[in-house]
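J.: Enclosed is the structure file structure_4.cif (mmCIF, C-alpha atoms).
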```cif
data_upload
#
loop_
_atom_site.label_atom_id
_atom_site.label_comp_id
_atom_site.auth_asym_id
_atom_site.auth_seq_id
_atom_site.Cartn_x
_atom_site.Cartn_y
_atom_site.Cartn_z
CA MET L 1 1.76 0.14 1.74
CA ARG L 2 5.32 1.18 2.70
CA ASP L 3 7.47 3.75 4.60
CA PHE L 4 10.55 5.95 4.72
CA THR L 5 14.06 4.59 5.55
CA ALA L 6 17.52 5.92 6.20
CA GLU L 7 18.59 4.65 2.80
CA GLN L 8 15.83 6.59 1.08
CA ASN L 9 16.65 9.63 3.21
CA ARG L 10 20.00 9.68 1.41
CA LEU L 11 18.26 10.57 -1.85
CA SER L 12 20.45 13.12 -3.58
CA ARG L 13 19.83 16.77 -2.80
CA ARG L 14 19.44 17.21 -6.50
CA ALA L 15 16.47 14.82 -6.63
CA PHE L 16 14.84 16.54 -3.68
CA LEU L 17 15.34 20.03 -5.10
CA SER L 18 14.06 18.91 -8.50
CA ALA L 19 10.87 17.60 -6.92
CA SER L 20 10.42 20.78 -4.88
CA LEU L 21 11.01 23.08 -7.86
CA ALA L 22 8.63 21.11 -10.05
CA LEU L 23 5.93 21.44 -7.44
CA ALA L 24 6.60 25.11 -6.79
CA GLY L 25 6.56 25.75 -10.51
CA GLY L 26 2.96 24.76 -10.93
CA LEU L 27 2.24 21.35 -9.43
CA ALA L 28 2.19 18.72 -12.16
CA LEU L 29 -1.17 17.63 -10.89
CA THR L 30 -3.99 15.63 -12.40
CA ALA L 31 -7.43 17.16 -11.91
CA CYS L 32 -10.51 15.01 -12.14
CA GLY L 33 -14.11 15.17 -11.06
CA SER L 34 -16.20 18.20 -11.91
CA SER L 35 -14.96 21.76 -11.84
CA PRO L 36 -15.56 23.72 -8.63
CA SER L 37 -18.57 25.35 -10.24
CA GLY L 38 -20.01 22.06 -11.46
CA GLY L 39 -23.02 20.19 -10.22
CA GLY L 40 -23.10 17.19 -7.88
CA SER L 41 -24.42 16.47 -4.44
CA SER L 42 -26.12 19.32 -2.66
CA GLY L 43 -23.61 21.45 -0.79
CA SER L 44 -20.49 19.71 -2.16
CA ALA L 45 -19.89 21.72 -5.34
CA GLY L 46 -16.85 23.96 -5.00
CA TYR L 47 -14.79 21.62 -2.81
CA THR L 48 -11.26 20.85 -3.95
CA LEU L 49 -9.72 17.66 -2.61
CA ALA L 50 -6.16 16.36 -3.00
CA LEU L 51 -5.28 12.67 -3.20
CA ILE L 52 -1.59 12.11 -2.50
CA LEU L 53 -0.47 8.62 -3.49
CA GLY L 54 2.35 6.68 -1.86
CA VAL L 55 4.14 6.37 -5.20
CA LYS L 56 3.20 7.03 -8.80
CA GLY L 57 2.79 4.20 -11.29
CA ASP L 58 2.06 1.46 -8.74
CA PRO L 59 -1.00 -0.59 -9.82
CA PHE L 60 -2.29 -0.48 -6.25
CA TYR L 61 -2.34 3.31 -6.26
CA ILE L 62 -3.60 3.53 -9.84
CA THR L 63 -6.58 1.46 -8.69
CA MET L 64 -7.01 3.67 -5.61
CA GLN L 65 -7.00 6.76 -7.82
CA LYS L 66 -9.69 5.29 -10.07
CA GLY L 67 -11.95 4.65 -7.08
CA ALA L 68 -11.40 8.18 -5.79
CA GLU L 69 -12.04 9.72 -9.21
CA ALA L 70 -15.31 7.84 -9.62
CA LYS L 71 -16.56 9.06 -6.24
CA ALA L 72 -15.42 12.63 -6.99
CA ARG L 73 -17.43 12.63 -10.21
CA GLU L 74 -20.45 11.26 -8.36
CA LEU L 75 -20.26 13.96 -5.70
CA GLY L 76 -19.39 16.80 -8.07
CA VAL L 77 -16.10 17.83 -6.45
CA THR L 78 -12.66 18.57 -7.87
CA LEU L 79 -10.01 15.96 -7.15
CA LEU L 80 -6.32 16.71 -7.67
CA VAL L 81 -3.97 13.72 -7.71
CA ASP L 82 -0.20 13.55 -7.28
CA GLY L 83 2.47 11.44 -5.62
CA PRO L 84 6.24 10.99 -5.45
CA SER L 85 8.15 9.04 -8.07
CA GLN L 86 9.70 6.94 -5.29
CA TRP L 87 8.42 5.75 -1.92
CA SER L 88 9.98 8.55 0.10
CA ALA L 89 8.80 11.01 2.74
CA THR L 90 11.49 13.37 1.46
CA LEU L 91 9.73 13.53 -1.89
CA GLN L 92 6.18 13.36 -0.53
CA THR L 93 6.56 16.26 1.92
CA PRO L 94 6.88 19.04 -0.71
CA ILE L 95 3.74 17.71 -2.40
CA VAL L 96 1.85 18.12 0.87
CA ASN L 97 3.34 21.59 1.35
CA ALA L 98 2.32 22.63 -2.15
CA TYR L 99 -1.27 21.56 -1.57
CA VAL L 100 -1.31 23.46 1.73
CA ALA L 101 -0.10 26.56 -0.14
CA ARG L 102 -2.83 25.98 -2.71
CA LYS L 103 -5.38 25.90 0.14
CA VAL L 104 -7.20 22.73 -0.87
CA ASP L 105 -10.13 21.80 1.33
CA ALA L 106 -8.97 18.27 2.21
CA ILE L 107 -5.97 16.00 1.79
CA ILE L 108 -6.39 12.24 1.38
CA ILE L 109 -2.96 10.65 1.66
CA ALA L 110 -1.07 7.37 1.84
CA PRO L 111 1.78 8.58 4.09
CA CYS L 112 5.24 7.31 3.12
CA ASP L 113 6.40 7.34 6.72
CA LYS L 114 4.43 7.01 9.94
CA GLN L 115 6.70 9.47 11.79
CA ALA L 116 8.25 11.75 9.16
CA MET L 117 4.88 12.69 7.69
CA ILE L 118 3.34 13.78 11.01
CA ALA L 119 4.77 17.32 10.95
CA PRO L 120 3.77 18.27 7.37
CA LEU L 121 0.28 16.82 7.82
CA GLN L 122 -0.08 18.59 11.17
CA GLN L 123 0.71 21.84 9.36
CA ALA L 124 -2.02 21.03 6.85
CA SER L 125 -4.49 20.40 9.66
CA ASN L 126 -3.44 23.60 11.42
CA ALA L 127 -4.22 25.45 8.19
CA GLY L 128 -7.80 24.17 8.34
CA ILE L 129 -7.37 21.38 5.79
CA LYS L 130 -9.13 18.09 6.55
CA VAL L 131 -6.67 15.17 6.66
CA ILE L 132 -7.57 11.53 5.97
CA THR L 133 -5.04 8.70 5.56
CA VAL L 134 -5.54 5.72 3.28
CA ASP L 135 -3.57 2.46 3.04
CA THR L 136 -0.88 3.63 5.48
CA TYR L 137 -1.07 5.77 8.60
CA ILE L 138 0.87 8.17 10.81
CA GLY L 139 1.63 7.66 14.49
CA ASP L 140 0.26 4.27 15.46
CA GLY L 141 -2.87 4.56 13.34
CA ASP L 142 -5.16 4.93 16.36
CA TYR L 143 -6.59 8.37 15.72
CA ALA L 144 -9.04 8.08 18.60
CA HIS L 145 -6.65 7.29 21.46
CA GLY L 146 -3.13 7.18 20.03
CA PRO L 147 -0.36 9.80 20.00
CA VAL L 148 -1.65 11.37 16.76
CA THR L 149 -5.34 12.22 16.62
CA PHE L 150 -5.81 15.08 14.13
CA PRO L 151 -6.49 12.89 11.03
CA LEU L 152 -10.19 12.26 10.64
CA SER L 153 -9.86 8.61 9.63
CA TYR L 154 -7.50 5.80 8.67
CA ILE L 155 -8.98 3.78 5.80
CA GLY L 156 -7.09 0.62 4.91
CA SER L 157 -6.61 -3.10 5.32
CA ASP L 158 -6.13 -4.94 8.61
CA ASN L 159 -2.58 -5.86 7.70
CA VAL L 160 -1.84 -8.18 10.62
CA GLN L 161 -4.89 -10.17 9.60
CA GLY L 162 -3.80 -10.08 5.95
CA GLY L 163 -0.32 -11.35 6.80
CA LYS L 164 -1.81 -14.11 8.92
CA ILE L 165 -4.18 -15.13 6.13
CA ALA L 166 -1.24 -15.29 3.72
CA GLY L 167 0.90 -17.22 6.20
CA GLU L 168 -1.80 -19.77 6.94
CA ALA L 169 -2.49 -20.30 3.24
CA LEU L 170 1.22 -20.71 2.54
CA ILE L 171 1.62 -23.20 5.40
CA LYS L 172 -1.29 -25.21 4.01
CA ALA L 173 0.25 -25.10 0.52
CA ILE L 174 3.58 -26.54 1.75
CA GLY L 175 1.85 -29.35 3.61
CA GLY L 176 2.08 -27.96 7.13
CA HIS L 177 5.84 -28.27 7.58
CA GLY L 178 9.01 -26.84 6.07
CA LYS L 179 11.00 -23.63 5.73
CA ILE L 180 9.51 -20.23 4.88
CA TYR L 181 11.19 -17.00 3.79
CA ILE L 182 9.67 -13.49 3.91
CA GLN L 183 10.40 -10.94 1.17
CA ASN L 184 9.62 -7.55 2.72
CA THR L 185 9.99 -4.05 1.33
CA VAL L 186 11.14 -1.19 3.61
CA PRO L 187 11.77 -1.50 7.37
CA GLY L 188 9.43 0.66 9.41
CA THR L 189 6.57 0.61 6.91
CA SER L 190 3.32 0.48 8.87
CA THR L 191 1.53 -1.91 6.52
CA THR L 192 4.27 -4.33 5.54
CA ASP L 193 5.64 -4.51 9.09
CA GLN L 194 2.20 -5.70 10.18
CA ARG L 195 1.96 -8.22 7.34
CA GLU L 196 5.30 -9.67 8.39
CA GLN L 197 4.00 -9.82 11.96
CA GLY L 198 0.85 -11.67 10.88
CA CYS L 199 2.83 -14.22 8.86
CA LYS L 200 5.17 -14.80 11.80
CA GLU L 201 2.17 -15.40 14.04
CA ALA L 202 0.93 -18.06 11.63
CA ILE L 203 4.38 -19.70 11.63
CA GLU L 204 4.61 -19.62 15.44
CA ALA L 205 1.21 -21.32 15.65
CA THR L 206 2.73 -24.44 14.02
CA HIS L 207 4.91 -24.97 17.14
CA GLY L 208 8.06 -25.66 15.17
CA ALA L 209 6.62 -27.62 12.25
CA VAL L 210 7.31 -24.56 10.08
CA THR L 211 10.42 -22.43 10.54
CA LEU L 212 11.27 -18.93 9.34
CA VAL L 213 14.70 -18.94 7.66
CA GLY L 214 14.99 -15.22 6.98
CA VAL L 215 13.52 -11.82 6.15
CA ASP L 216 14.97 -9.53 3.50
CA PHE L 217 14.07 -5.92 2.62
CA ASN L 218 14.12 -4.95 -1.04
CA GLY L 219 13.49 -1.20 -0.81
CA ASP L 220 10.49 -1.48 -3.15
CA SER L 221 12.63 -2.97 -5.93
CA ALA L 222 11.47 -6.14 -7.67
CA ALA L 223 14.95 -6.53 -9.14
CA LYS L 224 16.54 -6.45 -5.69
CA ALA L 225 13.88 -8.85 -4.38
CA ALA L 226 14.75 -11.28 -7.18
CA GLU L 227 18.46 -11.01 -6.34
CA GLN L 228 17.84 -11.59 -2.62
CA THR L 229 15.49 -14.50 -3.27
CA THR L 230 18.00 -16.11 -5.64
CA ALA L 231 20.62 -15.95 -2.88
CA MET L 232 18.17 -17.44 -0.39
CA LEU L 233 17.32 -20.32 -2.73
CA GLN L 234 21.04 -21.07 -3.01
CA ARG L 235 21.57 -20.95 0.77
CA VAL L 236 18.44 -22.94 1.57
CA PRO L 237 17.94 -25.46 -1.26
CA ASP L 238 15.01 -27.09 0.57
CA LEU L 239 13.10 -23.80 0.96
CA ALA L 240 9.40 -24.64 0.86
CA GLY L 241 7.59 -21.29 0.76
CA ILE L 242 7.94 -17.54 0.27
CA PHE L 243 5.68 -14.72 1.46
CA GLY L 244 5.99 -11.46 -0.49
CA THR L 245 4.60 -8.62 1.61
CA ASN L 246 3.78 -6.36 -1.36
CA ILE L 247 3.87 -6.15 -5.15
CA TYR L 248 7.63 -5.74 -5.46
CA GLY L 249 8.67 -8.51 -3.09
CA SER L 250 6.20 -10.91 -4.65
CA GLU L 251 7.22 -10.11 -8.23
CA GLY L 252 10.90 -10.47 -7.44
CA ALA L 253 10.40 -13.74 -5.57
CA ALA L 254 8.35 -15.16 -8.43
CA GLN L 255 11.03 -14.21 -10.96
CA ALA L 256 13.76 -15.86 -8.87
CA VAL L 257 11.74 -19.05 -8.51
CA LYS L 258 11.14 -19.12 -12.29
CA ASN L 259 14.84 -18.54 -12.96
CA ALA L 260 15.70 -21.45 -10.64
CA HIS L 261 13.10 -23.67 -12.36
CA LYS L 262 11.44 -24.33 -9.01
CA GLN L 263 7.85 -23.50 -9.97
CA GLY L 264 5.53 -25.69 -7.93
CA GLN L 265 8.37 -26.80 -5.68
CA VAL L 266 8.63 -23.48 -3.84
CA LYS L 267 5.18 -22.12 -2.99
CA ILE L 268 4.56 -18.35 -3.03
CA ALA L 269 1.92 -16.29 -1.26
CA ASN L 270 1.61 -12.98 -3.11
CA PHE L 271 0.30 -9.94 -1.22
CA ASP L 272 -1.39 -7.50 -3.62
CA ALA L 273 -2.99 -8.35 -6.94
CA PRO L 274 -1.40 -6.69 -9.98
CA GLU L 275 -1.99 -8.31 -13.36
CA GLN L 276 1.43 -10.03 -13.33
CA ALA L 277 0.54 -11.80 -10.08
CA ILE L 278 -2.51 -13.28 -11.77
CA VAL L 279 -0.38 -14.43 -14.73
CA ASP L 280 2.02 -16.08 -12.27
CA LEU L 281 -0.90 -17.66 -10.44
CA LYS L 282 -2.25 -19.21 -13.62
CA ASN L 283 1.24 -20.41 -14.56
CA ASN L 284 1.65 -22.23 -11.21
CA VAL L 285 4.43 -19.90 -10.04
CA VAL L 286 2.30 -18.23 -7.35
CA ASP L 287 -0.18 -20.23 -5.26
CA ILE L 288 -2.29 -17.55 -3.55
CA VAL L 289 -2.88 -13.86 -4.19
CA ILE L 290 -4.16 -11.59 -1.42
CA ALA L 291 -6.03 -8.70 -3.05
CA GLN L 292 -6.67 -5.56 -1.06
CA LYS L 293 -9.41 -3.11 -2.01
CA PRO L 294 -7.60 0.10 -2.98
CA ALA L 295 -10.51 1.43 -5.04
CA ASP L 296 -12.67 1.27 -1.92
CA MET L 297 -9.99 3.14 0.04
CA GLY L 298 -9.98 5.96 -2.51
CA SER L 299 -13.77 6.09 -2.78
CA ILE L 300 -14.36 6.14 0.98
CA GLY L 301 -11.61 8.71 1.41
CA VAL L 302 -13.36 11.12 -0.96
CA GLN L 303 -16.76 10.41 0.63
CA TYR L 304 -15.37 11.07 4.11
CA ALA L 305 -13.66 14.28 3.02
CA VAL L 306 -16.93 15.63 1.67
CA GLU L 307 -18.84 14.57 4.79
CA ALA L 308 -16.27 16.35 6.94
CA LEU L 309 -16.44 19.51 4.88
CA LYS L 310 -20.23 19.49 5.23
CA GLY L 311 -19.84 19.14 8.99
CA ASN L 312 -21.22 15.59 9.10
CA LEU L 313 -18.52 14.25 11.42
CA SER L 314 -20.89 11.67 12.90
CA ALA L 315 -20.77 9.86 9.53
CA ILE L 316 -17.01 9.32 9.82
CA GLN L 317 -15.36 6.37 11.56
CA LYS L 318 -11.84 6.81 12.88
CA ARG L 319 -10.83 3.39 11.50
CA VAL L 320 -12.26 1.72 8.40
CA PRO L 321 -10.88 -1.75 7.54
CA THR L 322 -11.52 -2.47 3.88
CA GLY L 323 -11.05 -6.26 3.73
CA TYR L 324 -9.54 -8.68 1.22
CA VAL L 325 -10.34 -10.95 -1.69
CA ILE L 326 -8.40 -14.23 -1.63
CA ILE L 327 -7.57 -15.36 -5.18
CA THR L 328 -6.49 -18.91 -6.01
CA ARG L 329 -6.39 -20.98 -9.20
CA ASP L 330 -9.78 -22.37 -8.20
CA ASN L 331 -11.57 -19.01 -8.19
CA VAL L 332 -9.38 -16.74 -10.33
CA ASP L 333 -11.91 -16.55 -13.16
CA THR L 334 -14.90 -15.68 -10.97
CA PRO L 335 -16.37 -12.17 -11.27
CA GLU L 336 -15.35 -11.32 -7.69
CA ALA L 337 -11.72 -12.29 -8.26
CA GLN L 338 -11.51 -10.57 -11.63
CA ALA L 339 -12.93 -7.36 -10.13
CA ALA L 340 -10.27 -7.42 -7.40
CA ILE L 341 -7.29 -7.39 -9.80
CA TYR L 342 -5.45 -4.05 -9.73
CA LYS L 343 -5.44 -1.79 -12.78
CA SER L 344 -2.17 -0.94 -14.52
CA SER L 345 -3.48 2.16 -16.28
#
```
Now that the file is in, can you turn its structure into structure tokens?

T.:
Amino acid sequence: MRDFTAEQNRLSRRAFLSASLALAGGLALTACGSSPSGGGSSGSAGYTLALILGVKGDPFYITMQKGAEAKARELGVTLLVDGPSQWSATLQTPIVNAYVARKVDAIIIAPCDKQAMIAPLQQASNAGIKVITVDTYIGDGDYAHGPVTFPLSYIGSDNVQGGKIAGEALIKAIGGHGKIYIQNTVPGTSTTDQREQGCKEAIEATHGAVTLVGVDFNGDSAAKAAEQTTAMLQRVPDLAGIFGTNIYGSEGAAQAVKNAHKQGQVKIANFDAPEQAIVDLKNNVVDIVIAQKPADMGSIGVQYAVEALKGNLSAIQKRVPTGYVIITRDNVDTPEAQAAIYKSS
């Protein structure tokens, strides 16, 4: 979903050392699935897999974890789950290192940085651990022909397509002309960079009927996104639409629009589908919600790890796009839309 930045790299040494010591002291990990000696699919019992989230507590990753846990139970393997408290390669790296030291059989990870996480994951691969990335990727994500090829698969959304879908829906919502603002998260994030790109492509396709008035980066902070959006609403009083590239940008933008009493006047396309986004959709604050399929990412990641450990590499695709569910006020109460809403616990 996001990536590492210079600002996040300035995390205090104290925070970094605290994370490292906590991990070295016993890995505050969550184990799920069956025990290594449990039953399950033939030949899979005894495998220990690690799912490393992009950040703890995010509904997207909670939903991913639930999908992975369900598949682990089905296959009879042990699944350990952990992730950093902030979106930071500095905090994610010692988690990877700890799992390497623990000698897990496979690591399924949403890398916090497409460059900074190459080296620690390469070390995991060199140690004989299978590596699969979900949601985000390392290198350029092309594990068949790109600069980084050791991960077995990249399982996640087509984010350029997702950004374009959101942009086109937003343009339709504002009547095909007007000013649009993008609320992004962290520069250099593989997924959100691509969503921004897709939205810009949709804007460019209007040949000037729609203009982009700015892009702000909130550092994965809804509060900062609200502050930035408030400033934008003041600078551009005739702003017509906002695209939030992930949960935090969308939440902050929605809050700013509510504070300015501009619900319905300023249209919002919300990428990701936490419960609050659905509340805002029903209250006419948000006009479209783009739901990814994080549970599928987690489930396929576990399935692929087991296939790889069994030697069934022919069953693994290097790239697995997981698709979207588009939620609007017209379909929000349908079973498909309700099933796509992310879980908060």

J.: Please compute the atom CA of Glu201 of chain L-atom CA of Gly162 of chain L distance, one decimal, in Å.

T.: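 Taking atom CA of Glu201 of chain L and atom CA of Gly162 of chain L, their separation equals 11.4 Å.
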
J.: Per residue of segment 237-294 of chain L within 9 Å of segment 189-199 of chain L, which atom pair is closest and at what distance in Å (one decimal), using only C-alpha atoms, listed by chain and increasing number, as JSON lines?

T.:
```
{"residue": "L:Phe243", "atom": "CA", "partner": "L:Cys199", "partner_atom": "CA", "distance": 7.9}
{"residue": "L:Thr245", "atom": "CA", "partner": "L:Thr192", "partner_atom": "CA", "distance": 5.8}
{"residue": "L:Asn246", "atom": "CA", "partner": "L:Thr192", "partner_atom": "CA", "distance": 7.2}
{"residue": "L:Phe271", "atom": "CA", "partner": "L:Arg195", "partner_atom": "CA", "distance": 8.9}
```

J.: Using all atoms listed in the file, pick whichever of L:His145, L:Asp280, L:Phe150, L:Ser157 has the shortest atom-to-atom distance to Asn126 of chain L.

T.: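 Looking at the shortest contact to Asn126 of chain L, the residue is L:Phe150.
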
J.: Here is a test: counting only C-alpha atoms, which residue of L:Val257, L:Ile327, L:Leu313, L:Ala269 is nearest to Ala291 of chain L?

T.: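 Counting only C-alpha atoms, the residue closest to Ala291 of chain L is L:Ile327.
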
J.: Select, from L:Pro274, L:Gly264, L:Gly54, L:Gly46, the residue with the minimum atom-to-atom distance to Leu309 of chain L, counting all atoms listed in the file.

T.: L:Gly46

J.: Could you tell me which of L:Gly67, L:Gly241, L:Pro187, L:Pro94 comes closest to Ala253 of chain L if we count only C-alpha atoms?

T.: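 Comparing L:Gly67, L:Gly241, L:Pro187, L:Pro94 against Ala253 of chain L, the winner is L:Gly241.
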
J.: Ranking L:Gln115, L:Asn97, L:Asn159, L:Gln86 by minimum distance to Gly323 of chain L and counting all atoms listed in the file, which one comes first?

T.: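 Once distances to Gly323 of chain L are computed over all atoms listed in the file, the minimum belongs to L:Asn159.
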
J.: Considering all atoms listed in the file, state which residue in the set L:Ala225, L:Val131, L:Leu91, L:Ile138 is at the smallest distance from Gln183 of chain L.

T.: L:Ala225

J.: Record the distance separating atom CA of Leu75 of chain L and atom CA of Tyr47 of chain L, expressed in Å with one decimal.

T.: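 Between these atoms lies a distance of 9.8 Å.
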
J.: Please return, as a ChimeraX atom specification, all polymer residues that have at least one atom within 8 Å of the point (8.3, -7.8, -8.6); use only C-alpha atoms and the file's own coordinate frame.

T.: /L:221-223,225-226,247-255

J.: If we count all atoms listed in the file and set the cut-off at 12 Å, which residues sit around Leu170 of chain L, ignoring sequence neighbours fewer than 6 positions away in its own chain? Please answer as a PyMOL selection string.

T.: chain L and resi 163-164+176-182+199-200+202-203+210+240-244+266-271+286-290+328

J.: Selected residues, C-alpha atoms, written as a PDB file, in the coordinates of the input, please.

T.:
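Result file follows (out-v8.pdb):
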```
ATOM      1  CA  GLY L 163      -0.320 -11.350   6.800  1.00  0.00           C
ATOM      2  CA  LYS L 164      -1.810 -14.110   8.920  1.00  0.00           C
ATOM      3  CA  GLY L 176       2.080 -27.960   7.130  1.00  0.00           C
ATOM      4  CA  HIS L 177       5.840 -28.270   7.580  1.00  0.00           C
ATOM      5  CA  GLY L 178       9.010 -26.840   6.070  1.00  0.00           C
ATOM      6  CA  LYS L 179      11.000 -23.630   5.730  1.00  0.00           C
ATOM      7  CA  ILE L 180       9.510 -20.230   4.880  1.00  0.00           C
ATOM      8  CA  TYR L 181      11.190 -17.000   3.790  1.00  0.00           C
ATOM      9  CA  ILE L 182       9.670 -13.490   3.910  1.00  0.00           C
ATOM     10  CA  CYS L 199       2.830 -14.220   8.860  1.00  0.00           C
ATOM     11  CA  LYS L 200       5.170 -14.800  11.800  1.00  0.00           C
ATOM     12  CA  ALA L 202       0.930 -18.060  11.630  1.00  0.00           C
ATOM     13  CA  ILE L 203       4.380 -19.700  11.630  1.00  0.00           C
ATOM     14  CA  VAL L 210       7.310 -24.560  10.080  1.00  0.00           C
ATOM     15  CA  ALA L 240       9.400 -24.640   0.860  1.00  0.00           C
ATOM     16  CA  GLY L 241       7.590 -21.290   0.760  1.00  0.00           C
ATOM     17  CA  ILE L 242       7.940 -17.540   0.270  1.00  0.00           C
ATOM     18  CA  PHE L 243       5.680 -14.720   1.460  1.00  0.00           C
ATOM     19  CA  GLY L 244       5.990 -11.460  -0.490  1.00  0.00           C
ATOM     20  CA  VAL L 266       8.630 -23.480  -3.840  1.00  0.00           C
ATOM     21  CA  LYS L 267       5.180 -22.120  -2.990  1.00  0.00           C
ATOM     22  CA  ILE L 268       4.560 -18.350  -3.030  1.00  0.00           C
ATOM     23  CA  ALA L 269       1.920 -16.290  -1.260  1.00  0.00           C
ATOM     24  CA  ASN L 270       1.610 -12.980  -3.110  1.00  0.00           C
ATOM     25  CA  PHE L 271       0.300  -9.940  -1.220  1.00  0.00           C
ATOM     26  CA  VAL L 286       2.300 -18.230  -7.350  1.00  0.00           C
ATOM     27  CA  ASP L 287      -0.180 -20.230  -5.260  1.00  0.00           C
ATOM     28  CA  ILE L 288      -2.290 -17.550  -3.550  1.00  0.00           C
ATOM     29  CA  VAL L 289      -2.880 -13.860  -4.190  1.00  0.00           C
ATOM     30  CA  ILE L 290      -4.160 -11.590  -1.420  1.00  0.00           C
ATOM     31  CA  THR L 328      -6.490 -18.910  -6.010  1.00  0.00           C
TER      32      THR L 328
END
```

J.: Applied to the shown file, which residues does the PyMOL selection byres ((chain L and resi 62) around 9) return, written as a compact mmCIF listing (two decimals) with C-alpha atoms, in the coordinates of the input?

T.:
```txt
# COMPACT_ATOMS: atom_id res chain seq x y z
CA LEU L 53 -0.47 8.62 -3.49
CA LYS L 56 3.20 7.03 -8.80
CA GLY L 57 2.79 4.20 -11.29
CA ASP L 58 2.06 1.46 -8.74
CA PRO L 59 -1.00 -0.59 -9.82
CA PHE L 60 -2.29 -0.48 -6.25
CA TYR L 61 -2.34 3.31 -6.26
CA THR L 63 -6.58 1.46 -8.69
CA MET L 64 -7.01 3.67 -5.61
CA GLN L 65 -7.00 6.76 -7.82
CA LYS L 66 -9.69 5.29 -10.07
CA GLY L 67 -11.95 4.65 -7.08
CA PRO L 294 -7.60 0.10 -2.98
CA ALA L 295 -10.51 1.43 -5.04
CA TYR L 342 -5.45 -4.05 -9.73
CA LYS L 343 -5.44 -1.79 -12.78
CA SER L 344 -2.17 -0.94 -14.52
CA SER L 345 -3.48 2.16 -16.28
```

J.: Can you pull out every residue within 12 Å of Pro321 of chain L, counting only C-alpha atoms, but drop anything in the same chain fewer than 2 positions away, and send it as a PDB file with C-alpha atoms, in the coordinates of the input?

T.:
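Below is the file out-v1.pdb, written as the result:
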```pdb
ATOM      1  CA  VAL L 134      -5.540   5.720   3.280  1.00  0.00           C
ATOM      2  CA  ASP L 135      -3.570   2.460   3.040  1.00  0.00           C
ATOM      3  CA  THR L 136      -0.880   3.630   5.480  1.00  0.00           C
ATOM      4  CA  GLY L 141      -2.870   4.560  13.340  1.00  0.00           C
ATOM      5  CA  SER L 153      -9.860   8.610   9.630  1.00  0.00           C
ATOM      6  CA  TYR L 154      -7.500   5.800   8.670  1.00  0.00           C
ATOM      7  CA  ILE L 155      -8.980   3.780   5.800  1.00  0.00           C
ATOM      8  CA  GLY L 156      -7.090   0.620   4.910  1.00  0.00           C
ATOM      9  CA  SER L 157      -6.610  -3.100   5.320  1.00  0.00           C
ATOM     10  CA  ASP L 158      -6.130  -4.940   8.610  1.00  0.00           C
ATOM     11  CA  ASN L 159      -2.580  -5.860   7.700  1.00  0.00           C
ATOM     12  CA  VAL L 160      -1.840  -8.180  10.620  1.00  0.00           C
ATOM     13  CA  GLN L 161      -4.890 -10.170   9.600  1.00  0.00           C
ATOM     14  CA  GLY L 162      -3.800 -10.080   5.950  1.00  0.00           C
ATOM     15  CA  GLN L 292      -6.670  -5.560  -1.060  1.00  0.00           C
ATOM     16  CA  LYS L 293      -9.410  -3.110  -2.010  1.00  0.00           C
ATOM     17  CA  PRO L 294      -7.600   0.100  -2.980  1.00  0.00           C
ATOM     18  CA  ASP L 296     -12.670   1.270  -1.920  1.00  0.00           C
ATOM     19  CA  MET L 297      -9.990   3.140   0.040  1.00  0.00           C
ATOM     20  CA  ILE L 300     -14.360   6.140   0.980  1.00  0.00           C
ATOM     21  CA  GLN L 317     -15.360   6.370  11.560  1.00  0.00           C
ATOM     22  CA  LYS L 318     -11.840   6.810  12.880  1.00  0.00           C
ATOM     23  CA  ARG L 319     -10.830   3.390  11.500  1.00  0.00           C
ATOM     24  CA  GLY L 323     -11.050  -6.260   3.730  1.00  0.00           C
ATOM     25  CA  TYR L 324      -9.540  -8.680   1.220  1.00  0.00           C
TER      26      TYR L 324
END
```
